[in-house]
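entry-v1.txt, holding compact mmCIF, C-alpha atoms:
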```txt
# COMPACT_ATOMS: atom_id res chain seq x y z
CA MET A 1 0.00 0.00 0.00
CA VAL A 2 1.25 3.43 -0.86
CA ILE A 3 0.95 5.74 2.10
CA SER A 4 0.32 9.33 1.18
CA GLU A 5 0.92 12.34 3.37
CA GLU A 6 -2.58 13.56 2.51
CA LYS A 7 -4.16 10.38 3.80
CA ILE A 8 -2.29 10.70 7.12
CA TRP A 9 -3.33 14.34 7.57
CA GLU A 10 -6.91 13.20 6.95
CA LEU A 11 -6.60 10.46 9.61
CA LEU A 12 -5.05 12.84 12.14
CA LYS A 13 -8.30 14.86 12.12
CA GLU A 14 -9.71 12.07 14.29
CA VAL A 15 -7.25 12.88 17.08
CA ARG A 16 -8.40 15.50 19.56
CA ASP A 17 -6.83 17.14 22.56
CA PRO A 18 -8.67 15.38 25.42
CA GLU A 19 -8.80 18.67 27.33
CA LEU A 20 -10.13 20.61 24.36
CA PRO A 21 -12.30 18.22 22.35
CA ALA A 22 -13.78 21.07 20.31
CA LEU A 23 -10.69 21.09 18.08
CA ASP A 24 -8.62 18.42 16.38
CA ILE A 25 -4.83 18.41 16.68
CA ILE A 26 -4.37 19.97 13.25
CA GLU A 27 -6.65 22.92 14.05
CA MET A 28 -4.81 23.21 17.37
CA GLY A 29 -1.45 23.37 15.59
CA ILE A 30 -0.15 20.45 17.66
CA ALA A 31 0.51 18.22 14.61
CA ARG A 32 3.34 20.01 12.80
CA GLU A 33 4.76 17.77 10.15
CA ILE A 34 4.52 14.38 8.52
CA LYS A 35 7.63 12.77 7.13
CA ILE A 36 7.62 9.68 4.97
CA GLU A 37 11.03 8.21 4.26
CA SER A 38 11.27 4.86 2.50
CA GLY A 39 7.87 3.83 3.85
CA LYS A 40 8.66 4.92 7.41
CA VAL A 41 6.21 7.44 8.82
CA THR A 42 7.12 10.08 11.41
CA VAL A 43 4.55 12.47 12.85
CA VAL A 44 6.06 15.57 14.45
CA ILE A 45 4.07 17.21 17.24
CA THR A 46 4.67 20.20 19.52
CA PRO A 47 3.25 20.77 23.01
CA THR A 48 1.03 23.77 23.76
CA TYR A 49 2.73 24.06 27.18
CA SER A 50 5.93 22.27 28.26
CA GLY A 51 4.10 20.34 30.94
CA CYS A 52 0.91 19.64 28.98
CA PRO A 53 -0.24 16.29 30.44
CA ALA A 54 -2.30 15.55 27.34
CA MET A 55 0.75 15.07 25.11
CA PHE A 56 1.27 11.44 26.08
CA MET A 57 -2.36 10.62 25.32
CA ILE A 58 -2.24 12.49 22.01
CA GLU A 59 0.88 10.56 21.05
CA THR A 60 -0.81 7.25 21.88
CA GLU A 61 -3.93 8.20 19.94
CA ILE A 62 -1.93 9.16 16.87
CA ARG A 63 -0.32 5.72 16.91
CA ASP A 64 -3.69 4.01 17.46
CA VAL A 65 -5.52 5.85 14.69
CA LEU A 66 -2.76 5.20 12.19
CA SER A 67 -2.24 1.58 13.18
CA LYS A 68 -5.99 0.91 12.74
CA ASN A 69 -5.37 1.93 9.16
CA GLY A 70 -2.36 -0.32 8.83
CA ILE A 71 0.23 2.43 9.28
CA THR A 72 2.95 2.23 11.90
CA CYS A 73 4.59 5.48 12.84
CA ASP A 74 7.08 7.23 15.07
CA VAL A 75 5.91 10.29 16.99
CA LYS A 76 8.54 12.94 17.62
CA THR A 77 8.23 16.05 19.78
CA THR A 78 9.71 19.36 18.69
CA TYR A 79 9.98 22.69 20.52
CA THR A 80 10.85 24.77 17.45
CA PRO A 81 9.07 26.86 16.57
CA ALA A 82 7.44 27.17 19.99
CA TRP A 83 3.68 26.70 19.86
CA THR A 84 1.69 29.90 19.76
CA THR A 85 -2.02 30.74 19.90
CA ASP A 86 -1.42 32.82 16.74
CA TRP A 87 -1.69 29.54 14.84
CA LEU A 88 -5.37 29.18 15.69
CA THR A 89 -7.40 30.13 12.63
CA GLU A 90 -10.52 32.32 12.81
CA GLU A 91 -12.56 29.17 12.27
CA ALA A 92 -10.85 27.39 15.18
CA ARG A 93 -11.41 30.44 17.41
CA GLU A 94 -15.10 30.44 16.58
CA LYS A 95 -15.31 26.73 17.42
CA LEU A 96 -13.72 27.43 20.80
CA ARG A 97 -16.21 30.22 21.48
CA GLN A 98 -19.16 28.00 20.61
CA TYR A 99 -17.74 25.36 22.93
CA GLY A 100 -17.83 27.98 25.74
CA ILE A 101 -14.17 29.00 25.86
CA ALA A 102 -13.25 32.60 25.06
CA PRO A 103 -10.66 32.47 22.24
CA PRO A 104 -7.14 33.86 22.75
CA GLY A 105 -6.16 37.46 22.08
CA LYS A 106 -3.08 38.68 20.25
CA ASP A 107 -0.96 39.85 23.16
CA ILE A 108 0.20 38.10 26.34
CA GLU A 109 -0.63 41.18 28.47
CA GLU A 110 -4.12 41.48 27.04
CA ILE A 111 -5.96 39.45 29.66
CA PHE A 112 -4.60 41.75 32.34
CA ASN A 113 -5.33 45.03 30.60
CA LYS A 114 -8.52 44.40 28.68
CA ASN A 115 -11.77 42.68 29.59
CA THR A 116 -12.17 39.35 27.84
CA LYS A 117 -15.43 39.03 25.95
CA CYS A 118 -17.83 36.53 27.51
CA PRO A 119 -18.25 33.53 25.18
CA PHE A 120 -21.86 33.05 26.32
CA CYS A 121 -23.46 36.50 26.10
CA GLY A 122 -20.77 38.52 24.31
CA SER A 123 -20.56 41.13 27.07
CA ASP A 124 -17.33 43.03 27.81
CA ASP A 125 -18.37 43.52 31.44
CA THR A 126 -16.14 40.71 32.73
CA LYS A 127 -13.27 40.34 35.15
CA LEU A 128 -10.19 38.16 35.41
CA VAL A 129 -10.45 35.76 38.35
CA SER A 130 -7.13 33.95 37.89
CA ASN A 131 -4.62 33.67 35.09
CA PHE A 132 -4.35 29.94 35.81
CA GLY A 133 -7.32 27.71 35.08
CA SER A 134 -8.38 24.08 34.84
CA THR A 135 -5.59 23.40 32.34
CA ALA A 136 -2.25 25.09 31.68
CA CYS A 137 -3.64 26.88 28.61
CA LYS A 138 -6.65 28.56 30.21
CA SER A 139 -7.44 31.44 32.57
CA ILE A 140 -10.62 31.89 34.64
CA HIS A 141 -12.94 34.88 34.19
CA TYR A 142 -16.32 36.00 35.45
CA CYS A 143 -19.07 37.68 33.47
CA ASN A 144 -20.95 40.35 35.42
CA SER A 145 -23.58 40.58 32.73
CA CYS A 146 -24.78 36.96 32.55
CA VAL A 147 -23.41 36.13 36.00
CA GLN A 148 -21.39 33.15 34.78
CA PRO A 149 -17.82 32.04 35.27
CA PHE A 150 -16.06 31.19 32.00
CA GLU A 151 -12.70 30.07 30.72
CA HIS A 152 -10.43 31.78 28.26
CA PHE A 153 -7.69 30.32 26.10
CA LYS A 154 -4.60 32.32 27.10
CA CYS A 155 -2.48 34.00 24.49
CA ILE A 156 0.94 32.37 24.41
CA MET B 1 22.77 17.39 16.25
CA ALA B 2 25.53 19.93 16.62
CA GLU B 3 29.03 18.55 17.04
CA PHE B 4 30.84 19.46 20.23
CA ASP B 5 34.17 18.20 21.58
CA VAL B 6 34.33 16.04 24.70
CA LYS B 7 35.11 18.94 27.03
CA THR B 8 32.25 21.10 25.71
CA ARG B 9 29.85 18.17 25.96
CA GLU B 10 30.71 17.75 29.63
CA LEU B 11 30.28 21.47 30.30
CA LEU B 12 26.96 21.48 28.48
CA PHE B 13 25.74 18.45 30.39
CA ASN B 14 26.34 20.18 33.73
CA TYR B 15 24.99 23.52 32.56
CA ILE B 16 21.73 22.10 31.20
CA LEU B 17 21.33 19.96 34.33
CA GLY B 18 21.50 23.17 36.37
CA ILE B 19 18.50 24.62 34.54
CA ALA B 20 16.57 21.33 34.65
CA ASP B 21 17.27 20.88 38.37
CA ASP B 22 16.19 24.46 39.15
CA ARG B 23 12.88 23.88 37.40
CA LEU B 24 12.24 20.37 38.77
CA ILE B 25 13.01 21.17 42.39
CA LEU B 26 10.95 24.37 42.34
CA GLY B 27 8.14 22.51 40.54
CA HIS B 28 8.15 19.80 43.18
CA ARG B 29 8.05 22.37 45.97
CA LEU B 30 5.05 24.08 44.34
CA SER B 31 3.28 20.76 43.90
CA GLU B 32 3.34 20.38 47.70
CA TRP B 33 0.66 23.10 47.80
CA CYS B 34 -1.75 20.97 45.78
CA GLY B 35 -4.83 20.56 47.99
CA HIS B 36 -3.41 22.89 50.67
CA ALA B 37 -3.35 26.37 49.13
CA PRO B 38 -5.23 29.17 50.93
CA ILE B 39 -7.92 29.54 48.24
CA ILE B 40 -8.99 27.30 45.38
CA GLU B 41 -7.78 29.65 42.63
CA GLU B 42 -4.32 29.58 44.20
CA ASP B 43 -4.41 25.81 44.55
CA ILE B 44 -5.01 25.65 40.80
CA ALA B 45 -2.40 28.31 40.07
CA MET B 46 0.28 26.54 42.15
CA ALA B 47 -0.45 23.23 40.41
CA ASN B 48 -0.34 24.97 37.02
CA ILE B 49 2.99 26.65 37.67
CA ALA B 50 4.38 23.40 39.08
CA LEU B 51 3.28 21.64 35.90
CA ASP B 52 5.02 24.23 33.72
CA CYS B 53 8.22 23.94 35.77
CA ILE B 54 8.26 20.15 35.64
CA GLY B 55 7.47 20.17 31.92
CA GLU B 56 10.34 22.59 31.32
CA ALA B 57 12.61 20.37 33.46
CA ASP B 58 11.65 17.38 31.32
CA ALA B 59 12.66 19.16 28.10
CA PHE B 60 16.03 20.18 29.57
CA TYR B 61 16.68 16.72 31.09
CA LYS B 62 16.03 15.13 27.70
CA LEU B 63 18.61 17.43 26.16
CA ALA B 64 21.09 16.88 29.01
CA ALA B 65 20.68 13.11 28.59
CA THR B 66 22.09 13.37 25.05
CA PHE B 67 25.40 14.53 26.61
CA ASP B 68 25.51 12.00 29.44
CA THR B 69 28.52 9.72 29.25
CA GLU B 70 26.67 7.22 31.46
CA GLY B 71 23.73 7.00 29.04
CA ARG B 72 21.07 7.90 31.60
CA SER B 73 17.54 8.88 30.53
CA ALA B 74 15.68 12.04 31.56
CA ASP B 75 13.82 10.04 34.23
CA ASP B 76 17.07 8.53 35.53
CA LEU B 77 18.55 11.99 35.89
CA ALA B 78 15.53 13.24 37.83
CA PHE B 79 14.93 10.22 40.03
CA LEU B 80 18.18 8.35 40.48
CA ARG B 81 20.68 11.02 41.45
CA ASP B 82 21.55 11.96 45.03
CA SER B 83 21.50 15.47 46.45
CA THR B 84 25.24 16.07 45.91
CA GLU B 85 24.68 15.47 42.19
CA PHE B 86 21.89 18.06 41.93
CA ARG B 87 22.96 21.40 40.48
CA ASN B 88 19.99 23.61 41.31
CA VAL B 89 20.39 26.92 43.11
CA GLN B 90 19.68 26.59 46.83
CA LEU B 91 16.74 28.99 46.53
CA SER B 92 14.61 26.39 44.67
CA GLU B 93 14.89 23.83 47.45
CA GLN B 94 13.92 26.20 50.28
CA PRO B 95 10.75 24.94 51.98
CA ASN B 96 7.32 26.47 51.35
CA THR B 97 7.11 27.56 55.01
CA ASP B 98 4.04 29.73 54.42
CA PHE B 99 2.36 31.33 51.43
CA ALA B 100 4.49 34.49 51.71
CA TRP B 101 7.74 32.47 51.56
CA THR B 102 6.43 30.54 48.57
CA ILE B 103 5.55 33.75 46.74
CA ALA B 104 8.87 35.46 47.60
CA ARG B 105 10.84 32.42 46.40
CA GLN B 106 8.76 32.39 43.21
CA PHE B 107 9.11 36.11 42.55
CA PHE B 108 12.89 36.04 43.01
CA THR B 109 13.09 33.05 40.66
CA ASP B 110 10.73 34.44 38.00
CA ALA B 111 12.55 37.79 37.97
CA PHE B 112 15.67 35.87 36.95
CA TYR B 113 14.17 33.33 34.59
CA VAL B 114 12.26 35.80 32.39
CA PRO B 115 15.42 37.65 31.22
CA PHE B 116 17.47 34.44 31.34
CA PHE B 117 15.17 32.53 28.98
CA GLU B 118 14.99 35.62 26.77
CA GLU B 119 18.76 35.36 26.36
CA LEU B 120 18.91 31.57 26.19
CA ALA B 121 16.40 31.65 23.33
CA LYS B 122 19.10 33.44 21.31
CA SER B 123 21.66 30.65 21.78
CA SER B 124 23.51 29.57 18.65
CA TYR B 125 22.81 25.99 19.73
CA GLU B 126 19.27 25.53 18.48
CA GLU B 127 18.45 22.51 20.62
CA LEU B 128 19.07 24.64 23.71
CA ALA B 129 17.44 27.81 22.36
CA ALA B 130 14.16 25.97 21.58
CA PRO B 131 13.15 24.88 25.11
CA GLY B 132 14.33 28.32 26.29
CA ALA B 133 11.95 30.08 23.90
CA LYS B 134 9.16 27.74 24.94
CA ALA B 135 9.74 28.27 28.68
CA LEU B 136 9.91 32.05 28.25
CA LYS B 137 6.24 32.19 27.26
CA GLU B 138 5.35 30.32 30.46
CA VAL B 139 7.53 32.19 32.97
CA LYS B 140 6.08 35.52 31.83
CA TYR B 141 2.76 34.39 33.28
CA HIS B 142 4.51 33.15 36.42
CA LEU B 143 6.19 36.52 36.98
CA ARG B 144 2.93 38.35 36.46
CA HIS B 145 1.34 36.12 39.10
CA SER B 146 4.11 36.30 41.72
CA ARG B 147 4.50 40.08 41.28
CA GLU B 148 0.79 40.65 41.92
CA TRP B 149 0.96 38.55 45.07
CA ILE B 150 4.00 40.43 46.36
CA LEU B 151 1.98 43.65 46.06
CA ARG B 152 -1.16 42.13 47.57
CA LEU B 153 0.64 40.60 50.55
CA GLY B 154 3.05 43.46 51.20
CA ASP B 155 0.43 46.18 50.91
CA GLY B 156 -2.25 44.02 52.52
CA THR B 157 -2.74 43.54 56.25
CA GLU B 158 -0.20 43.96 59.04
CA GLU B 159 -0.02 40.17 59.25
CA SER B 160 0.56 39.59 55.52
CA ASN B 161 3.12 42.40 55.39
CA SER B 162 5.13 41.04 58.32
CA ARG B 163 5.09 37.53 56.89
CA LEU B 164 6.30 38.72 53.51
CA GLN B 165 8.98 40.88 55.12
CA ASP B 166 10.13 37.82 57.07
CA ALA B 167 10.25 35.75 53.87
CA VAL B 168 12.19 38.42 51.95
CA ASP B 169 14.66 38.87 54.82
CA ASN B 170 15.31 35.14 55.09
CA LEU B 171 15.48 34.32 51.38
CA TRP B 172 17.57 37.33 50.36
CA MET B 173 20.85 35.48 50.93
CA TYR B 174 19.79 32.87 48.33
CA THR B 175 19.25 35.33 45.50
CA ARG B 176 22.74 35.59 44.00
CA GLU B 177 23.48 32.07 42.79
CA PHE B 178 21.54 32.71 39.58
CA PHE B 179 24.14 35.25 38.54
CA GLU B 180 27.31 33.24 39.17
CA PHE B 181 29.43 33.25 36.06
CA SER B 182 31.88 30.42 36.67
CA ASP B 183 34.85 29.61 34.46
CA SER B 184 33.00 26.69 32.88
CA VAL B 185 29.96 28.87 32.06
CA LYS B 186 32.36 31.45 30.64
CA LEU B 187 33.76 28.84 28.23
CA LEU B 188 30.26 28.11 26.94
CA TYR B 189 29.55 31.83 26.74
CA GLU B 190 32.63 32.33 24.59
CA LEU B 191 31.26 29.70 22.20
CA ASP B 192 28.05 31.76 21.95
CA ILE B 193 26.04 28.89 23.44
CA VAL B 194 24.89 30.43 26.74
CA PRO B 195 24.27 33.98 28.01
CA ASP B 196 26.44 35.91 30.46
CA ASN B 197 24.13 35.49 33.44
CA SER B 198 26.13 37.87 35.63
CA ALA B 199 24.87 40.65 33.36
CA LEU B 200 21.30 39.78 34.34
CA LEU B 201 21.69 40.91 37.96
CA GLU B 202 20.93 44.53 37.07
CA LYS B 203 17.79 43.48 35.20
CA TRP B 204 16.77 41.37 38.18
CA LYS B 205 17.13 44.34 40.49
CA GLU B 206 15.14 46.53 38.10
CA THR B 207 12.28 44.04 38.34
CA VAL B 208 12.50 43.21 42.03
CA LEU B 209 13.36 46.41 43.89
CA PRO B 210 10.52 48.71 42.69
CA VAL B 211 7.93 46.00 43.33
CA LEU B 212 9.18 45.40 46.88
CA LYS B 213 9.13 49.14 47.45
CA ASP B 214 5.54 49.45 46.14
CA ALA B 215 4.66 46.52 48.40
CA LEU B 216 5.93 48.50 51.41
CA ILE B 217 8.67 45.92 52.02
CA THR B 218 12.02 47.07 53.37
CA ILE B 219 14.84 45.97 51.07
CA PRO B 220 17.21 43.88 53.21
CA GLU B 221 20.82 44.90 53.72
CA ASP B 222 23.18 42.59 51.89
CA PRO B 223 24.10 39.73 54.26
CA PRO B 224 27.74 38.99 55.30
CA TYR B 225 27.71 36.31 52.60
CA PHE B 226 25.39 35.04 49.90
CA ALA B 227 24.61 31.35 49.64
CA THR B 228 26.65 29.57 46.98
CA GLY B 229 27.56 26.07 45.89
CA GLY B 230 24.27 24.69 44.55
CA ARG B 231 25.64 24.53 41.01
CA ASN B 232 28.45 22.28 42.35
CA GLY B 233 26.21 20.00 44.38
CA LEU B 234 26.39 21.79 47.71
CA HIS B 235 22.91 22.07 49.21
CA THR B 236 20.97 22.96 52.32
CA GLU B 237 19.54 20.10 54.38
CA HIS B 238 16.13 20.65 52.76
CA LEU B 239 17.05 19.10 49.42
CA GLY B 240 17.69 15.61 50.84
CA HIS B 241 14.24 15.50 52.41
CA LEU B 242 12.62 16.70 49.21
CA LEU B 243 14.42 14.06 47.13
CA ALA B 244 13.51 11.30 49.58
CA GLU B 245 9.85 12.03 48.97
CA MET B 246 10.13 12.74 45.26
CA GLN B 247 12.28 9.72 44.41
CA VAL B 248 10.86 7.03 46.69
CA LEU B 249 8.60 5.39 44.11
CA PRO B 250 11.05 4.99 41.21
CA ARG B 251 13.79 3.94 43.63
CA THR B 252 11.60 1.35 45.36
CA TYR B 253 10.12 0.00 42.13
CA PRO B 254 12.82 0.62 39.54
CA ASP B 255 10.80 -0.93 36.72
CA ALA B 256 7.51 0.78 37.54
CA LYS B 257 5.70 2.24 34.55
CA TRP B 258 2.87 4.71 34.72
```
What's the structure tokens form of this structure?
Amino acid sequence: MVISEEKIWELLKEVRDPELPALDIIEMGIAREIKIESGKVTVVITPTYSGCPAMFMIETEIRDVLSKNGITCDVKTTYTPAWTTDWLTEEAREKLRQYGIAPPGKDIEEIFNKNTKCPFCGSDDTKLVSNFGSTACKSIHYCNSCVQPFEHFKCI
Amino acid sequence: MAEFDVKTRELLFNYILGIADDRLILGHRLSEWCGHAPIIEEDIAMANIALDCIGEADAFYKLAATFDTEGRSADDLAFLRDSTEFRNVQLSEQPNTDFAWTIARQFFTDAFYVPFFEELAKSSYEELAAPGAKALKEVKYHLRHSREWILRLGDGTEESNSRLQDAVDNLWMYTREFFEFSDSVKLLYELDIVPDNSALLEKWKETVLPVLKDALITIPEDPPYFATGGRNGLHTEHLGHLLAEMQVLPRTYPDAKW
């Protein structure tokens, strides 16, 4: 069987970050590169945060999904270029918002200086509760308008 | 991978271990707050910062392992070395004591690591620059967090102010090891691989002193001597206790997998 890069990218869409199931690992920018050298497949991934505990699971799932399709692969981790929220497309940001997570801004200082828009009611009348949330990549906010706590994907 | 001679490889191994050990030991200390922090948001924040630190340590251990003449893995380096082989600054191993001590230790550390990682990210050795650039994004959030707490505690109640003052007074003597520019570091600096960390002391002061002042904390007089030796394996008694707890599982069950 000839393994094409296209086919592997297609299969990788099945793999999701367990902590952010709204997006697949391609939309997240975690899957960086696919190398095929004399039939040997290597998938290169990069962590969102150094200590992201989901990386091991993502690695295992990549292997599982590909092996179900008769493809064995190596998974390699890279730190260059360092993962950034800038890689999230407008479409991915909208998916996050619909899932109930305020999408990231453009600047690391933004969450401290500007109110984050509530993903539920769209109000700007919100406050930062903590810049560390349920996972390394999120901060916790509170919406005064719809009286709801919400999470925000931090700019990194 | 870049080619280095035997001597440079040895220097790099020790240097990278120093960074990894700083991050691991501090990360472990922070993890001790999990389930015990004063409020739930802080419990989560401490666990988050601990996770970042340990993740950063993992990246640096993996790189250090490529230079190890004994062929040890990242896990071996973290879990199977004794305290005299650890190269972290003594500040990282200081006990949590109370929340003010934890925050002071963190603030002093973050104020160094932000400019340090900024410089390390420019290293000509890409494998070392990459985890530096990654960690920089994380420590910026840490510094933001510890700085806010310094202000809140110092300019808070009489009790919080006196506790923070006590922490600053006691930890001050551990704040200079970051800036030691030993002959072996100098050799790596001359190869354009690592930054001149002694040059970062001024930056550190620019970050630390105004915040302490705003927090109504009296800047301590310089002590008769500053703690030194961590980078060569000389540690306070606290590190041994920390390692005993951190390493017990992999040492008791060497083949354990999780």
(request) State, in Å with one decimal place, the distance from CA of Asn48 (chain B) to CA of Met57 (chain A). (result)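 It comes out at 18.6 Å.
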(message) Please report the interatomic distance between CA of Arg144 (chain B) and CA of Phe132 (chain A) in Å with one decimal.
(response)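 We find that CA of Arg144 (chain B) and CA of Phe132 (chain A) lie 11.1 Å from each other.
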(message) With only C-alpha atoms considered, list every residue of chain B at most 12 Å from chain A, as an MDAnalysis selection string.
(response) chainID B and resid 23:24 27 39:60 62:63 121 126:146 148:149 258
(message) as a ChimeraX atom specification, please: the residues near Ile193 (chain B) (cut-off 6 Å, all atoms listed in the file, same-chain neighbours under 4 positions excluded).
(response) /B:123-125,188-189
Those residues with C-alpha atoms, as a PDB file, in the frame of the given file please?
```
ATOM      1  CA  SER B 123      21.660  30.650  21.780  1.00  0.00           C
ATOM      2  CA  SER B 124      23.510  29.570  18.650  1.00  0.00           C
ATOM      3  CA  TYR B 125      22.810  25.990  19.730  1.00  0.00           C
ATOM      4  CA  LEU B 188      30.260  28.110  26.940  1.00  0.00           C
ATOM      5  CA  TYR B 189      29.550  31.830  26.740  1.00  0.00           C
TER       6      TYR B 189
END
```
(request) Step by step: start from the point (23.6, 22.0, 39.2) in the file's coordinates, keep every protein, DNA or RNA residue that has an atom no farther than 9 Å from it, count all atoms listed in the file, and write the set as a ChimeraX atom specification. (result) /B:14-22,85-89,229-234
If you keep C-alpha atoms, can you produce a file of those selected residues as a PDB file, in the coordinates of the input?
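Output below, filename out-v7.pdb:
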```pdb
ATOM      1  CA  ASN B  14      26.340  20.180  33.730  1.00  0.00           C
ATOM      2  CA  TYR B  15      24.990  23.520  32.560  1.00  0.00           C
ATOM      3  CA  ILE B  16      21.730  22.100  31.200  1.00  0.00           C
ATOM      4  CA  LEU B  17      21.330  19.960  34.330  1.00  0.00           C
ATOM      5  CA  GLY B  18      21.500  23.170  36.370  1.00  0.00           C
ATOM      6  CA  ILE B  19      18.500  24.620  34.540  1.00  0.00           C
ATOM      7  CA  ALA B  20      16.570  21.330  34.650  1.00  0.00           C
ATOM      8  CA  ASP B  21      17.270  20.880  38.370  1.00  0.00           C
ATOM      9  CA  ASP B  22      16.190  24.460  39.150  1.00  0.00           C
ATOM     10  CA  GLU B  85      24.680  15.470  42.190  1.00  0.00           C
ATOM     11  CA  PHE B  86      21.890  18.060  41.930  1.00  0.00           C
ATOM     12  CA  ARG B  87      22.960  21.400  40.480  1.00  0.00           C
ATOM     13  CA  ASN B  88      19.990  23.610  41.310  1.00  0.00           C
ATOM     14  CA  VAL B  89      20.390  26.920  43.110  1.00  0.00           C
ATOM     15  CA  GLY B 229      27.560  26.070  45.890  1.00  0.00           C
ATOM     16  CA  GLY B 230      24.270  24.690  44.550  1.00  0.00           C
ATOM     17  CA  ARG B 231      25.640  24.530  41.010  1.00  0.00           C
ATOM     18  CA  ASN B 232      28.450  22.280  42.350  1.00  0.00           C
ATOM     19  CA  GLY B 233      26.210  20.000  44.380  1.00  0.00           C
ATOM     20  CA  LEU B 234      26.390  21.790  47.710  1.00  0.00           C
TER      21      LEU B 234
END
```
(message) Please determine, counting only C-alpha atoms, which residue among A:Ile62, A:Cys143, A:Ile101, A:Val75 has the shortest atom-to-atom distance to Glu14 (chain A).
(response)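 Closest to Glu14 (chain A) of all the choices is A:Ile62.
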(request) Tell me, in Å to one decimal, how far CA of Ala102 (chain A) is from CA of His152 (chain A). (result) 4.3 Å
(request) Determine, counting all atoms listed in the file, which protein, DNA and RNA residues have an atom within 9 Å of an atom of Gly105 (chain A); residues of the same chain fewer than 2 positions away are not included. Present the result as a PyMOL selection string. (result) chain A and resi 85-86+103+107-108+110-111+116+153-155
Work out where the centre of an axis-aligned box around every listed atom of region 239-250 of chain B lies and how long its edges are once 4 Å is added on each side; give both in Å to one decimal as lines of an AutoDock Vina configuration file.
```
center_x = 13.1
center_y = 12.0
center_z = 46.8
size_x = 17.1
size_y = 22.1
size_z = 19.2
```
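Those residues that approach Thr207 (chain B) to within 10 Å, counting all atoms listed in the file, are Phe107, Phe108, Asp110, Ala111, Phe112, Leu143, Arg147, Leu201, Glu202, Lys203, Trp204, Pro210, Val211 and Leu212 of chain B; same-chain residues fewer than 3 positions away are not listed.
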Name all residues at most 9 Å from Arg9 (chain B) (count all atoms listed in the file; drop same-chain ones fewer than 5 positions away) and give them as a PDB file with C-alpha atoms, in the frame of the given file.
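So the final result, stored in around-v1.pdb, reads:
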```pdb
ATOM      1  CA  GLU B   3      29.030  18.550  17.040  1.00  0.00           C
ATOM      2  CA  PHE B   4      30.840  19.460  20.230  1.00  0.00           C
ATOM      3  CA  ASN B  14      26.340  20.180  33.730  1.00  0.00           C
ATOM      4  CA  PHE B  67      25.400  14.530  26.610  1.00  0.00           C
ATOM      5  CA  ASP B  68      25.510  12.000  29.440  1.00  0.00           C
TER       6      ASP B  68
END
```
Is it possible to dump region 29-42 of chain A as a short mmCIF file (atom, residue, chain, number, x, y, z; two decimals), in the first residue's frame, including just N, CA and C atoms?
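Result file decode04.cif:
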```cif
data_model
loop_
_atom_site.label_atom_id
_atom_site.label_comp_id
_atom_site.auth_asym_id
_atom_site.auth_seq_id
_atom_site.Cartn_x
_atom_site.Cartn_y
_atom_site.Cartn_z
N GLY A 29 -2.86 23.09 15.93
CA GLY A 29 -1.45 23.37 15.59
C GLY A 29 -0.49 22.46 16.35
N ILE A 30 -1.02 21.37 16.92
CA ILE A 30 -0.15 20.45 17.66
C ILE A 30 0.58 19.52 16.68
N ALA A 31 -0.14 19.05 15.64
CA ALA A 31 0.51 18.22 14.61
C ALA A 31 1.22 19.16 13.65
N ARG A 32 2.54 19.04 13.57
CA ARG A 32 3.34 20.01 12.80
C ARG A 32 3.76 19.51 11.43
N GLU A 33 4.12 18.24 11.37
CA GLU A 33 4.76 17.77 10.15
C GLU A 33 4.61 16.27 10.01
N ILE A 34 4.52 15.82 8.77
CA ILE A 34 4.52 14.38 8.52
C ILE A 34 5.67 14.08 7.57
N LYS A 35 6.51 13.13 8.01
CA LYS A 35 7.63 12.77 7.13
C LYS A 35 7.47 11.33 6.72
N ILE A 36 7.64 11.07 5.44
CA ILE A 36 7.62 9.68 4.97
C ILE A 36 8.93 9.42 4.26
N GLU A 37 9.74 8.54 4.88
CA GLU A 37 11.03 8.21 4.26
C GLU A 37 11.12 6.71 4.10
N SER A 38 11.28 6.29 2.89
CA SER A 38 11.27 4.86 2.50
C SER A 38 10.24 4.07 3.31
N GLY A 39 8.99 4.54 3.24
CA GLY A 39 7.87 3.83 3.85
C GLY A 39 7.74 4.02 5.35
N LYS A 40 8.71 4.71 5.97
CA LYS A 40 8.66 4.92 7.41
C LYS A 40 8.03 6.28 7.72
N VAL A 41 6.97 6.23 8.56
CA VAL A 41 6.21 7.44 8.82
C VAL A 41 6.60 8.06 10.16
N THR A 42 6.88 9.35 10.16
CA THR A 42 7.12 10.08 11.41
C THR A 42 6.16 11.25 11.50
#
```
